[in-house]
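Have a look at structure29.cif; it's mmCIF, N, CA and C atoms:
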```
data_input
#
loop_
_atom_site.label_atom_id
_atom_site.label_comp_id
_atom_site.auth_asym_id
_atom_site.auth_seq_id
_atom_site.Cartn_x
_atom_site.Cartn_y
_atom_site.Cartn_z
N MET A 1 -147.16 24.86 -10.07
CA MET A 1 -146.15 25.63 -10.73
C MET A 1 -146.80 26.49 -11.81
N THR A 2 -146.67 26.21 -13.06
CA THR A 2 -147.28 27.04 -14.09
C THR A 2 -148.33 26.24 -14.84
N GLU A 3 -149.03 26.87 -15.76
CA GLU A 3 -150.07 26.19 -16.52
C GLU A 3 -149.47 25.13 -17.44
N SER A 4 -150.13 23.98 -17.57
CA SER A 4 -149.58 22.86 -18.32
C SER A 4 -149.37 23.17 -19.79
N ALA A 5 -150.11 24.10 -20.37
CA ALA A 5 -149.94 24.42 -21.79
C ALA A 5 -148.55 24.97 -22.07
N GLN A 6 -147.86 25.47 -21.05
CA GLN A 6 -146.53 26.04 -21.22
C GLN A 6 -145.42 25.02 -21.02
N HIS A 7 -145.71 23.84 -20.54
CA HIS A 7 -144.70 22.85 -20.19
C HIS A 7 -144.34 21.99 -21.39
N ARG A 8 -143.06 21.63 -21.46
CA ARG A 8 -142.60 20.71 -22.48
C ARG A 8 -141.84 19.59 -21.80
N HIS A 9 -142.14 18.37 -22.22
CA HIS A 9 -141.56 17.16 -21.64
C HIS A 9 -140.04 17.22 -21.67
N HIS A 10 -139.44 17.00 -20.51
CA HIS A 10 -137.99 16.89 -20.31
C HIS A 10 -137.21 18.16 -20.65
N THR A 11 -137.84 19.32 -20.50
CA THR A 11 -137.13 20.60 -20.68
C THR A 11 -137.04 21.31 -19.34
N ILE A 12 -136.09 22.23 -19.25
CA ILE A 12 -135.98 23.04 -18.04
C ILE A 12 -137.25 23.87 -17.93
N ASP A 13 -137.88 23.80 -16.76
CA ASP A 13 -139.20 24.38 -16.59
C ASP A 13 -139.28 25.37 -15.43
N TYR A 14 -138.39 25.24 -14.45
CA TYR A 14 -138.55 25.99 -13.20
C TYR A 14 -137.19 26.02 -12.51
N ILE A 15 -136.85 27.12 -11.87
CA ILE A 15 -135.62 27.22 -11.09
C ILE A 15 -136.01 27.56 -9.66
N GLU A 16 -135.52 26.76 -8.72
CA GLU A 16 -135.86 26.96 -7.32
C GLU A 16 -134.61 27.39 -6.55
N LEU A 17 -134.71 28.51 -5.85
CA LEU A 17 -133.60 29.02 -5.07
C LEU A 17 -133.78 28.67 -3.60
N PRO A 18 -132.84 27.93 -3.00
CA PRO A 18 -132.94 27.67 -1.57
C PRO A 18 -132.61 28.96 -0.81
N VAL A 19 -133.42 29.29 0.17
CA VAL A 19 -133.20 30.51 0.95
C VAL A 19 -133.27 30.19 2.44
N ALA A 20 -132.50 30.93 3.22
CA ALA A 20 -132.48 30.72 4.67
C ALA A 20 -133.72 31.31 5.33
N GLU A 21 -134.19 32.45 4.82
CA GLU A 21 -135.33 33.12 5.44
C GLU A 21 -136.18 33.72 4.33
N LEU A 22 -137.40 33.22 4.19
CA LEU A 22 -138.25 33.58 3.06
C LEU A 22 -138.57 35.06 2.98
N ALA A 23 -138.97 35.66 4.08
CA ALA A 23 -139.36 37.08 4.04
C ALA A 23 -138.19 37.96 3.60
N ALA A 24 -137.00 37.68 4.10
CA ALA A 24 -135.82 38.47 3.72
C ALA A 24 -135.50 38.29 2.24
N ALA A 25 -135.61 37.06 1.75
CA ALA A 25 -135.34 36.80 0.33
C ALA A 25 -136.36 37.50 -0.55
N LYS A 26 -137.62 37.45 -0.18
CA LYS A 26 -138.66 38.15 -0.96
C LYS A 26 -138.40 39.65 -1.00
N ARG A 27 -138.05 40.22 0.15
CA ARG A 27 -137.74 41.66 0.19
C ARG A 27 -136.58 41.99 -0.75
N PHE A 28 -135.53 41.19 -0.69
CA PHE A 28 -134.36 41.44 -1.53
C PHE A 28 -134.72 41.41 -3.01
N TYR A 29 -135.34 40.32 -3.47
CA TYR A 29 -135.63 40.17 -4.91
C TYR A 29 -136.70 41.17 -5.38
N ALA A 30 -137.62 41.52 -4.51
CA ALA A 30 -138.62 42.54 -4.88
C ALA A 30 -137.95 43.90 -5.06
N GLU A 31 -137.09 44.25 -4.11
CA GLU A 31 -136.43 45.55 -4.18
C GLU A 31 -135.39 45.62 -5.29
N ALA A 32 -134.59 44.57 -5.44
CA ALA A 32 -133.51 44.59 -6.42
C ALA A 32 -134.01 44.46 -7.86
N PHE A 33 -135.04 43.60 -8.08
CA PHE A 33 -135.45 43.28 -9.44
C PHE A 33 -136.93 43.49 -9.73
N GLY A 34 -137.69 43.92 -8.73
CA GLY A 34 -139.11 44.14 -8.94
C GLY A 34 -139.93 42.86 -9.03
N TRP A 35 -139.36 41.74 -8.55
CA TRP A 35 -140.09 40.47 -8.63
C TRP A 35 -141.32 40.49 -7.75
N GLN A 36 -142.34 39.75 -8.17
CA GLN A 36 -143.55 39.54 -7.38
C GLN A 36 -143.69 38.05 -7.13
N PHE A 37 -144.49 37.71 -6.12
CA PHE A 37 -144.52 36.32 -5.65
C PHE A 37 -145.92 35.80 -5.45
N ASN A 38 -146.07 34.51 -5.57
CA ASN A 38 -147.27 33.77 -5.18
C ASN A 38 -146.89 33.03 -3.90
N ASP A 39 -147.54 33.34 -2.80
CA ASP A 39 -147.22 32.71 -1.53
C ASP A 39 -147.92 31.36 -1.39
N TYR A 40 -147.15 30.36 -0.95
CA TYR A 40 -147.67 29.01 -0.71
C TYR A 40 -147.44 28.60 0.74
N GLY A 41 -147.53 29.53 1.64
CA GLY A 41 -147.29 29.25 3.04
C GLY A 41 -146.07 29.99 3.54
N PRO A 42 -145.69 29.73 4.78
CA PRO A 42 -144.60 30.50 5.38
C PRO A 42 -143.20 30.14 4.90
N GLN A 43 -143.06 29.05 4.13
CA GLN A 43 -141.73 28.59 3.75
C GLN A 43 -141.49 28.53 2.23
N TYR A 44 -142.48 28.93 1.43
CA TYR A 44 -142.31 28.82 -0.02
C TYR A 44 -143.07 29.93 -0.74
N ALA A 45 -142.43 30.50 -1.75
CA ALA A 45 -143.09 31.50 -2.59
C ALA A 45 -142.69 31.27 -4.04
N GLY A 46 -143.68 31.23 -4.92
CA GLY A 46 -143.40 31.13 -6.34
C GLY A 46 -143.03 32.49 -6.90
N ILE A 47 -142.09 32.50 -7.83
CA ILE A 47 -141.67 33.75 -8.48
C ILE A 47 -142.54 33.93 -9.72
N GLN A 48 -143.31 35.00 -9.74
CA GLN A 48 -144.19 35.24 -10.88
C GLN A 48 -143.36 35.55 -12.12
N GLY A 49 -143.69 34.87 -13.20
CA GLY A 49 -143.00 35.11 -14.46
C GLY A 49 -143.71 36.18 -15.27
N PRO A 50 -143.03 36.71 -16.29
CA PRO A 50 -143.70 37.68 -17.15
C PRO A 50 -144.86 37.00 -17.88
N GLY A 51 -145.98 37.68 -17.96
CA GLY A 51 -147.14 37.11 -18.64
C GLY A 51 -147.88 36.08 -17.82
N GLY A 52 -147.71 36.06 -16.51
CA GLY A 52 -148.40 35.09 -15.66
C GLY A 52 -147.55 33.87 -15.42
N GLY A 53 -148.12 32.85 -14.82
CA GLY A 53 -147.38 31.64 -14.52
C GLY A 53 -146.24 31.92 -13.56
N GLU A 54 -145.41 30.92 -13.36
CA GLU A 54 -144.27 31.05 -12.47
C GLU A 54 -142.99 30.63 -13.19
N ALA A 55 -141.92 31.37 -12.91
CA ALA A 55 -140.62 31.06 -13.49
C ALA A 55 -139.75 30.27 -12.53
N GLY A 56 -140.10 30.31 -11.25
CA GLY A 56 -139.31 29.64 -10.24
C GLY A 56 -139.89 29.86 -8.87
N GLY A 57 -139.08 29.53 -7.86
CA GLY A 57 -139.57 29.67 -6.50
C GLY A 57 -138.45 29.92 -5.52
N LEU A 58 -138.83 30.44 -4.36
CA LEU A 58 -137.93 30.60 -3.22
C LEU A 58 -138.33 29.55 -2.20
N ASN A 59 -137.40 28.68 -1.82
CA ASN A 59 -137.71 27.54 -0.97
C ASN A 59 -136.93 27.61 0.34
N ALA A 60 -137.65 27.84 1.44
CA ALA A 60 -137.03 27.85 2.76
C ALA A 60 -137.43 26.61 3.55
N THR A 61 -138.03 25.61 2.88
CA THR A 61 -138.55 24.46 3.62
C THR A 61 -137.48 23.47 4.03
N GLU A 62 -136.54 23.17 3.16
CA GLU A 62 -135.56 22.13 3.46
C GLU A 62 -134.19 22.50 2.92
N PRO A 63 -133.62 23.62 3.36
CA PRO A 63 -132.33 24.02 2.79
C PRO A 63 -131.23 22.99 3.05
N HIS A 64 -131.37 22.19 4.09
CA HIS A 64 -130.35 21.18 4.41
C HIS A 64 -130.31 20.05 3.38
N LEU A 65 -131.35 19.88 2.56
CA LEU A 65 -131.36 18.82 1.55
C LEU A 65 -130.55 19.18 0.32
N ARG A 66 -130.21 20.43 0.14
CA ARG A 66 -129.45 20.87 -1.03
C ARG A 66 -127.97 20.80 -0.71
N THR A 67 -127.39 19.61 -0.88
CA THR A 67 -126.00 19.40 -0.52
C THR A 67 -125.04 20.21 -1.37
N GLY A 68 -125.34 20.42 -2.64
CA GLY A 68 -124.44 21.15 -3.52
C GLY A 68 -124.63 22.65 -3.45
N GLY A 69 -125.68 23.12 -2.79
CA GLY A 69 -125.96 24.54 -2.75
C GLY A 69 -126.42 25.05 -4.10
N GLY A 70 -126.73 26.32 -4.16
CA GLY A 70 -127.14 26.93 -5.41
C GLY A 70 -128.55 26.56 -5.82
N PRO A 71 -128.96 27.04 -6.99
CA PRO A 71 -130.33 26.80 -7.45
C PRO A 71 -130.57 25.33 -7.80
N LEU A 72 -131.82 24.95 -7.69
CA LEU A 72 -132.25 23.63 -8.11
C LEU A 72 -132.99 23.79 -9.43
N VAL A 73 -132.45 23.20 -10.48
CA VAL A 73 -133.09 23.23 -11.80
C VAL A 73 -134.13 22.12 -11.83
N LEU A 74 -135.34 22.47 -12.25
CA LEU A 74 -136.41 21.48 -12.34
C LEU A 74 -136.84 21.31 -13.80
N LEU A 75 -136.91 20.06 -14.22
CA LEU A 75 -137.43 19.70 -15.53
C LEU A 75 -138.88 19.31 -15.38
N PHE A 76 -139.62 19.35 -16.46
CA PHE A 76 -141.01 18.91 -16.46
C PHE A 76 -141.09 17.53 -17.12
N SER A 77 -142.01 16.70 -16.68
CA SER A 77 -142.22 15.38 -17.29
C SER A 77 -143.71 15.12 -17.48
N ASP A 78 -144.03 14.53 -18.63
CA ASP A 78 -145.40 14.08 -18.87
C ASP A 78 -145.70 12.79 -18.11
N ASP A 79 -144.65 12.04 -17.74
CA ASP A 79 -144.81 10.75 -17.05
C ASP A 79 -143.67 10.61 -16.04
N LEU A 80 -143.91 11.04 -14.82
CA LEU A 80 -142.87 11.09 -13.81
C LEU A 80 -142.26 9.72 -13.52
N ASP A 81 -143.08 8.70 -13.42
CA ASP A 81 -142.55 7.37 -13.10
C ASP A 81 -141.63 6.85 -14.21
N ALA A 82 -141.99 7.09 -15.46
CA ALA A 82 -141.13 6.69 -16.57
C ALA A 82 -139.83 7.48 -16.55
N THR A 83 -139.89 8.74 -16.17
CA THR A 83 -138.67 9.55 -16.11
C THR A 83 -137.75 9.08 -15.00
N VAL A 84 -138.30 8.68 -13.86
CA VAL A 84 -137.48 8.12 -12.77
C VAL A 84 -136.68 6.93 -13.31
N GLU A 85 -137.36 6.04 -14.00
CA GLU A 85 -136.68 4.85 -14.54
C GLU A 85 -135.66 5.22 -15.62
N ALA A 86 -135.97 6.21 -16.44
CA ALA A 86 -135.01 6.64 -17.47
C ALA A 86 -133.75 7.22 -16.83
N VAL A 87 -133.90 7.98 -15.76
CA VAL A 87 -132.74 8.54 -15.05
C VAL A 87 -131.89 7.40 -14.51
N ARG A 88 -132.51 6.42 -13.90
CA ARG A 88 -131.75 5.29 -13.35
C ARG A 88 -131.04 4.51 -14.45
N ARG A 89 -131.74 4.22 -15.54
CA ARG A 89 -131.12 3.47 -16.65
C ARG A 89 -129.93 4.20 -17.25
N ALA A 90 -130.01 5.53 -17.25
CA ALA A 90 -128.94 6.33 -17.84
C ALA A 90 -127.74 6.51 -16.90
N GLY A 91 -127.86 6.04 -15.67
CA GLY A 91 -126.74 6.15 -14.73
C GLY A 91 -126.87 7.23 -13.69
N GLY A 92 -128.04 7.88 -13.62
CA GLY A 92 -128.28 8.88 -12.58
C GLY A 92 -128.65 8.20 -11.27
N THR A 93 -128.57 8.94 -10.19
CA THR A 93 -128.92 8.43 -8.87
C THR A 93 -130.10 9.21 -8.32
N VAL A 94 -131.20 8.55 -8.05
CA VAL A 94 -132.36 9.21 -7.47
C VAL A 94 -132.05 9.46 -6.00
N THR A 95 -132.06 10.74 -5.60
CA THR A 95 -131.74 11.12 -4.23
C THR A 95 -132.98 11.38 -3.38
N ARG A 96 -134.10 11.66 -4.01
CA ARG A 96 -135.40 11.77 -3.34
C ARG A 96 -136.42 11.13 -4.24
N GLU A 97 -137.01 10.07 -3.77
CA GLU A 97 -138.05 9.36 -4.52
C GLU A 97 -139.23 10.31 -4.77
N PRO A 98 -140.08 10.01 -5.74
CA PRO A 98 -141.22 10.89 -6.02
C PRO A 98 -142.06 11.17 -4.76
N TYR A 99 -142.42 12.44 -4.61
CA TYR A 99 -143.22 12.86 -3.47
C TYR A 99 -144.22 13.92 -3.94
N PRO A 100 -145.34 14.03 -3.24
CA PRO A 100 -146.35 15.02 -3.63
C PRO A 100 -145.99 16.41 -3.12
N PHE A 101 -146.42 17.42 -3.84
CA PHE A 101 -146.34 18.81 -3.41
C PHE A 101 -147.57 19.50 -3.98
N PRO A 102 -147.88 20.73 -3.60
CA PRO A 102 -149.15 21.34 -4.03
C PRO A 102 -149.38 21.42 -5.53
N GLY A 103 -148.35 21.36 -6.37
CA GLY A 103 -148.53 21.43 -7.82
C GLY A 103 -148.54 20.09 -8.52
N GLY A 104 -148.28 19.00 -7.80
CA GLY A 104 -148.23 17.68 -8.42
C GLY A 104 -147.30 16.75 -7.65
N ARG A 105 -146.33 16.16 -8.37
CA ARG A 105 -145.33 15.26 -7.77
C ARG A 105 -143.96 15.61 -8.36
N ARG A 106 -142.91 15.29 -7.59
CA ARG A 106 -141.56 15.49 -8.12
C ARG A 106 -140.58 14.56 -7.46
N PHE A 107 -139.39 14.45 -8.07
CA PHE A 107 -138.28 13.71 -7.47
C PHE A 107 -136.99 14.46 -7.77
N HIS A 108 -135.92 14.10 -7.03
CA HIS A 108 -134.61 14.71 -7.23
C HIS A 108 -133.63 13.61 -7.63
N PHE A 109 -132.62 14.00 -8.40
CA PHE A 109 -131.58 13.05 -8.79
C PHE A 109 -130.26 13.77 -8.97
N THR A 110 -129.17 12.99 -8.99
CA THR A 110 -127.88 13.53 -9.38
C THR A 110 -127.46 12.85 -10.67
N ASP A 111 -126.80 13.63 -11.52
CA ASP A 111 -126.26 13.08 -12.76
C ASP A 111 -124.88 12.49 -12.47
N PRO A 112 -124.24 11.83 -13.43
CA PRO A 112 -122.93 11.22 -13.16
C PRO A 112 -121.84 12.20 -12.72
N SER A 113 -122.02 13.50 -12.97
CA SER A 113 -121.04 14.49 -12.52
C SER A 113 -121.37 15.03 -11.14
N GLY A 114 -122.50 14.60 -10.55
CA GLY A 114 -122.88 15.04 -9.22
C GLY A 114 -123.81 16.24 -9.17
N ASN A 115 -124.26 16.73 -10.33
CA ASN A 115 -125.21 17.84 -10.34
C ASN A 115 -126.58 17.35 -9.90
N GLU A 116 -127.19 18.09 -8.98
CA GLU A 116 -128.54 17.73 -8.53
C GLU A 116 -129.58 18.50 -9.32
N LEU A 117 -130.57 17.78 -9.82
CA LEU A 117 -131.71 18.36 -10.51
C LEU A 117 -132.98 17.73 -9.96
N GLY A 118 -134.11 18.29 -10.33
CA GLY A 118 -135.40 17.72 -9.98
C GLY A 118 -136.25 17.61 -11.22
N VAL A 119 -137.26 16.76 -11.14
CA VAL A 119 -138.23 16.62 -12.22
C VAL A 119 -139.60 16.65 -11.57
N TRP A 120 -140.52 17.38 -12.19
CA TRP A 120 -141.88 17.46 -11.64
C TRP A 120 -142.90 17.13 -12.71
N ALA A 121 -144.06 16.74 -12.25
CA ALA A 121 -145.20 16.45 -13.14
C ALA A 121 -146.46 16.86 -12.42
N GLU A 122 -147.45 17.22 -13.19
CA GLU A 122 -148.75 17.49 -12.60
C GLU A 122 -149.32 16.14 -12.16
N SER A 123 -149.91 16.12 -10.99
CA SER A 123 -150.45 14.89 -10.39
C SER A 123 -150.16 13.72 -11.17
#
```
structure tokens encoding of this file:
Amino acid sequence: MTESAQHRHHTIDYIELPVAELAAAKRFYAEAFGWQFNDYGPQYAGIQGPGGGEAGGLNATEPHLRTGGGPLVLLFSDDLDATVEAVRRAGGTVTREPYPFPGGRRFHFTDPSGNELGVWAES
């Protein structure tokens, strides 16, 4: 995702937009807003933020996993395993256990109102 010096524990760090077709989504956002991308394969592109780093991503890998639709807000954690337990203790439901991805590890959860969020950490 972005450089660790920019991350703050348990703050909103990244917004991921589920897309049906990556190339079409990239064309749209590039033309409409001038966005540029970091490609991570045929199904994912990071959205370049101002001043480098990434502000978010376009995700065409698993659109069926986003039951609520809309963007996925991702928080950053200094200790992913401790955050998983904190979410559970607070009454959240882990919907995807921690899994690896090219930038580290992450998990997804729903809050008591049913909002789905994710949390990521560097390795």
Where does the PyMOL selection byres ((chain A and resi 73-89) around 6) land in this file, that is, which residues does it pick, as a ChimeraX atom specification? /A:8-16,71-72,90-93,116-121
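Distance-wise, CA of Asn115 (chain A) and CA of Ala32 (chain A) end up 28.3 Å apart.
Across A:Asn38, A:Val19, A:Arg96, A:Pro112, the tightest approach to Glu54 (chain A) is made by A:Asn38 when counting all atoms listed in the file.
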Please identify the alpha helix (DSSP H) residues within region 1-114 of chain A (assignment by DSSP from backbone atoms) and present them as a PyMOL selection string. chain A and resi 22-33+80-89
Can you list every residue in region 13-107 of chain A that DSSP puts in strand (DSSP E), as a VMD selection string? chain A and resid 13 to 18 37 to 39 44 to 48 54 to 59 72 to 76 93 to 101 104 to 107
File dump, residues just selected, N, CA and C atoms, as a compact mmCIF listing (two decimals), in the coordinates of the input:
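Written file, result_34.txt:
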```
# COMPACT_ATOMS: atom_id res chain seq x y z
N ASP A 13 -137.88 23.80 -16.76
CA ASP A 13 -139.20 24.38 -16.59
C ASP A 13 -139.28 25.37 -15.43
N TYR A 14 -138.39 25.24 -14.45
CA TYR A 14 -138.55 25.99 -13.20
C TYR A 14 -137.19 26.02 -12.51
N ILE A 15 -136.85 27.12 -11.87
CA ILE A 15 -135.62 27.22 -11.09
C ILE A 15 -136.01 27.56 -9.66
N GLU A 16 -135.52 26.76 -8.72
CA GLU A 16 -135.86 26.96 -7.32
C GLU A 16 -134.61 27.39 -6.55
N LEU A 17 -134.71 28.51 -5.85
CA LEU A 17 -133.60 29.02 -5.07
C LEU A 17 -133.78 28.67 -3.60
N PRO A 18 -132.84 27.93 -3.00
CA PRO A 18 -132.94 27.67 -1.57
C PRO A 18 -132.61 28.96 -0.81
N PHE A 37 -144.49 37.71 -6.12
CA PHE A 37 -144.52 36.32 -5.65
C PHE A 37 -145.92 35.80 -5.45
N ASN A 38 -146.07 34.51 -5.57
CA ASN A 38 -147.27 33.77 -5.18
C ASN A 38 -146.89 33.03 -3.90
N ASP A 39 -147.54 33.34 -2.80
CA ASP A 39 -147.22 32.71 -1.53
C ASP A 39 -147.92 31.36 -1.39
N TYR A 44 -142.48 28.93 1.43
CA TYR A 44 -142.31 28.82 -0.02
C TYR A 44 -143.07 29.93 -0.74
N ALA A 45 -142.43 30.50 -1.75
CA ALA A 45 -143.09 31.50 -2.59
C ALA A 45 -142.69 31.27 -4.04
N GLY A 46 -143.68 31.23 -4.92
CA GLY A 46 -143.40 31.13 -6.34
C GLY A 46 -143.03 32.49 -6.90
N ILE A 47 -142.09 32.50 -7.83
CA ILE A 47 -141.67 33.75 -8.48
C ILE A 47 -142.54 33.93 -9.72
N GLN A 48 -143.31 35.00 -9.74
CA GLN A 48 -144.19 35.24 -10.88
C GLN A 48 -143.36 35.55 -12.12
N GLU A 54 -145.41 30.92 -13.36
CA GLU A 54 -144.27 31.05 -12.47
C GLU A 54 -142.99 30.63 -13.19
N ALA A 55 -141.92 31.37 -12.91
CA ALA A 55 -140.62 31.06 -13.49
C ALA A 55 -139.75 30.27 -12.53
N GLY A 56 -140.10 30.31 -11.25
CA GLY A 56 -139.31 29.64 -10.24
C GLY A 56 -139.89 29.86 -8.87
N GLY A 57 -139.08 29.53 -7.86
CA GLY A 57 -139.57 29.67 -6.50
C GLY A 57 -138.45 29.92 -5.52
N LEU A 58 -138.83 30.44 -4.36
CA LEU A 58 -137.93 30.60 -3.22
C LEU A 58 -138.33 29.55 -2.20
N ASN A 59 -137.40 28.68 -1.82
CA ASN A 59 -137.71 27.54 -0.97
C ASN A 59 -136.93 27.61 0.34
N LEU A 72 -131.82 24.95 -7.69
CA LEU A 72 -132.25 23.63 -8.11
C LEU A 72 -132.99 23.79 -9.43
N VAL A 73 -132.45 23.20 -10.48
CA VAL A 73 -133.09 23.23 -11.80
C VAL A 73 -134.13 22.12 -11.83
N LEU A 74 -135.34 22.47 -12.25
CA LEU A 74 -136.41 21.48 -12.34
C LEU A 74 -136.84 21.31 -13.80
N LEU A 75 -136.91 20.06 -14.22
CA LEU A 75 -137.43 19.70 -15.53
C LEU A 75 -138.88 19.31 -15.38
N PHE A 76 -139.62 19.35 -16.46
CA PHE A 76 -141.01 18.91 -16.46
C PHE A 76 -141.09 17.53 -17.12
N THR A 93 -128.57 8.94 -10.19
CA THR A 93 -128.92 8.43 -8.87
C THR A 93 -130.10 9.21 -8.32
N VAL A 94 -131.20 8.55 -8.05
CA VAL A 94 -132.36 9.21 -7.47
C VAL A 94 -132.05 9.46 -6.00
N THR A 95 -132.06 10.74 -5.60
CA THR A 95 -131.74 11.12 -4.23
C THR A 95 -132.98 11.38 -3.38
N ARG A 96 -134.10 11.66 -4.01
CA ARG A 96 -135.40 11.77 -3.34
C ARG A 96 -136.42 11.13 -4.24
N GLU A 97 -137.01 10.07 -3.77
CA GLU A 97 -138.05 9.36 -4.52
C GLU A 97 -139.23 10.31 -4.77
N PRO A 98 -140.08 10.01 -5.74
CA PRO A 98 -141.22 10.89 -6.02
C PRO A 98 -142.06 11.17 -4.76
N TYR A 99 -142.42 12.44 -4.61
CA TYR A 99 -143.22 12.86 -3.47
C TYR A 99 -144.22 13.92 -3.94
N PRO A 100 -145.34 14.03 -3.24
CA PRO A 100 -146.35 15.02 -3.63
C PRO A 100 -145.99 16.41 -3.12
N PHE A 101 -146.42 17.42 -3.84
CA PHE A 101 -146.34 18.81 -3.41
C PHE A 101 -147.57 19.50 -3.98
N GLY A 104 -148.28 19.00 -7.80
CA GLY A 104 -148.23 17.68 -8.42
C GLY A 104 -147.30 16.75 -7.65
N ARG A 105 -146.33 16.16 -8.37
CA ARG A 105 -145.33 15.26 -7.77
C ARG A 105 -143.96 15.61 -8.36
N ARG A 106 -142.91 15.29 -7.59
CA ARG A 106 -141.56 15.49 -8.12
C ARG A 106 -140.58 14.56 -7.46
N PHE A 107 -139.39 14.45 -8.07
CA PHE A 107 -138.28 13.71 -7.47
C PHE A 107 -136.99 14.46 -7.77
```
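Take atom C of Asp39 (chain A) and atom C of Glu97 (chain A): the distance between them is 23.0 Å.
When only C-alpha atoms are used to compute distances to Pro18 (chain A), the closest of the residues A:Tyr44, A:Phe107, A:Trp35, A:Phe101 turns out to be A:Tyr44.
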Using the chain letters and numbering of this document, enumerate as a PDB file with N, CA and C atoms, in the coordinates of the input the residues selected by the PyMOL selection byres (((chain A and resi 22 and name CA) around 9) and name CA).
```
ATOM      1  N   VAL A  19    -133.420  29.290   0.170  1.00  0.00           N
ATOM      2  CA  VAL A  19    -133.200  30.510   0.950  1.00  0.00           C
ATOM      3  C   VAL A  19    -133.270  30.190   2.440  1.00  0.00           C
ATOM      4  N   ALA A  20    -132.500  30.930   3.220  1.00  0.00           N
ATOM      5  CA  ALA A  20    -132.480  30.720   4.670  1.00  0.00           C
ATOM      6  C   ALA A  20    -133.720  31.310   5.330  1.00  0.00           C
ATOM      7  N   GLU A  21    -134.190  32.450   4.820  1.00  0.00           N
ATOM      8  CA  GLU A  21    -135.330  33.120   5.440  1.00  0.00           C
ATOM      9  C   GLU A  21    -136.180  33.720   4.330  1.00  0.00           C
ATOM     10  N   ALA A  23    -138.970  35.660   4.080  1.00  0.00           N
ATOM     11  CA  ALA A  23    -139.360  37.080   4.040  1.00  0.00           C
ATOM     12  C   ALA A  23    -138.190  37.960   3.600  1.00  0.00           C
ATOM     13  N   ALA A  24    -137.000  37.680   4.100  1.00  0.00           N
ATOM     14  CA  ALA A  24    -135.820  38.470   3.720  1.00  0.00           C
ATOM     15  C   ALA A  24    -135.500  38.290   2.240  1.00  0.00           C
ATOM     16  N   ALA A  25    -135.610  37.060   1.750  1.00  0.00           N
ATOM     17  CA  ALA A  25    -135.340  36.800   0.330  1.00  0.00           C
ATOM     18  C   ALA A  25    -136.360  37.500  -0.550  1.00  0.00           C
ATOM     19  N   LYS A  26    -137.620  37.450  -0.180  1.00  0.00           N
ATOM     20  CA  LYS A  26    -138.660  38.150  -0.960  1.00  0.00           C
ATOM     21  C   LYS A  26    -138.400  39.650  -1.000  1.00  0.00           C
ATOM     22  N   ARG A  27    -138.050  40.220   0.150  1.00  0.00           N
ATOM     23  CA  ARG A  27    -137.740  41.660   0.190  1.00  0.00           C
ATOM     24  C   ARG A  27    -136.580  41.990  -0.750  1.00  0.00           C
ATOM     25  N   PRO A  42    -145.690  29.730   4.780  1.00  0.00           N
ATOM     26  CA  PRO A  42    -144.600  30.500   5.380  1.00  0.00           C
ATOM     27  C   PRO A  42    -143.200  30.140   4.900  1.00  0.00           C
ATOM     28  N   GLN A  43    -143.060  29.050   4.130  1.00  0.00           N
ATOM     29  CA  GLN A  43    -141.730  28.590   3.750  1.00  0.00           C
ATOM     30  C   GLN A  43    -141.490  28.530   2.230  1.00  0.00           C
ATOM     31  N   TYR A  44    -142.480  28.930   1.430  1.00  0.00           N
ATOM     32  CA  TYR A  44    -142.310  28.820  -0.020  1.00  0.00           C
ATOM     33  C   TYR A  44    -143.070  29.930  -0.740  1.00  0.00           C
ATOM     34  N   ALA A  45    -142.430  30.500  -1.750  1.00  0.00           N
ATOM     35  CA  ALA A  45    -143.090  31.500  -2.590  1.00  0.00           C
ATOM     36  C   ALA A  45    -142.690  31.270  -4.040  1.00  0.00           C
ATOM     37  N   LEU A  58    -138.830  30.440  -4.360  1.00  0.00           N
ATOM     38  CA  LEU A  58    -137.930  30.600  -3.220  1.00  0.00           C
ATOM     39  C   LEU A  58    -138.330  29.550  -2.200  1.00  0.00           C
ATOM     40  N   ASN A  59    -137.400  28.680  -1.820  1.00  0.00           N
ATOM     41  CA  ASN A  59    -137.710  27.540  -0.970  1.00  0.00           C
ATOM     42  C   ASN A  59    -136.930  27.610   0.340  1.00  0.00           C
ATOM     43  N   ALA A  60    -137.650  27.840   1.440  1.00  0.00           N
ATOM     44  CA  ALA A  60    -137.030  27.850   2.760  1.00  0.00           C
ATOM     45  C   ALA A  60    -137.430  26.610   3.550  1.00  0.00           C
TER      46      ALA A  60
END
```
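Between atom C of Ser113 (chain A) and CA of Pro98 (chain A) the interatomic distance comes to 20.9 Å.
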Using all atoms listed in the file - which residues lie no farther than 7 Å from the point (-146.5, 23.6, -2.2) in the file's frame? Write them as a PDB file with N, CA and C atoms, in the coordinates of the input.
```pdb
ATOM      1  N   TYR A  40    -147.150  30.360  -0.950  1.00  0.00           N
ATOM      2  CA  TYR A  40    -147.670  29.010  -0.710  1.00  0.00           C
ATOM      3  C   TYR A  40    -147.440  28.600   0.740  1.00  0.00           C
ATOM      4  N   PHE A 101    -146.420  17.420  -3.840  1.00  0.00           N
ATOM      5  CA  PHE A 101    -146.340  18.810  -3.410  1.00  0.00           C
ATOM      6  C   PHE A 101    -147.570  19.500  -3.980  1.00  0.00           C
ATOM      7  N   PRO A 102    -147.880  20.730  -3.600  1.00  0.00           N
ATOM      8  CA  PRO A 102    -149.150  21.340  -4.030  1.00  0.00           C
ATOM      9  C   PRO A 102    -149.380  21.420  -5.530  1.00  0.00           C
ATOM     10  N   GLY A 103    -148.350  21.360  -6.370  1.00  0.00           N
ATOM     11  CA  GLY A 103    -148.530  21.430  -7.820  1.00  0.00           C
ATOM     12  C   GLY A 103    -148.540  20.090  -8.520  1.00  0.00           C
TER      13      GLY A 103
END
```
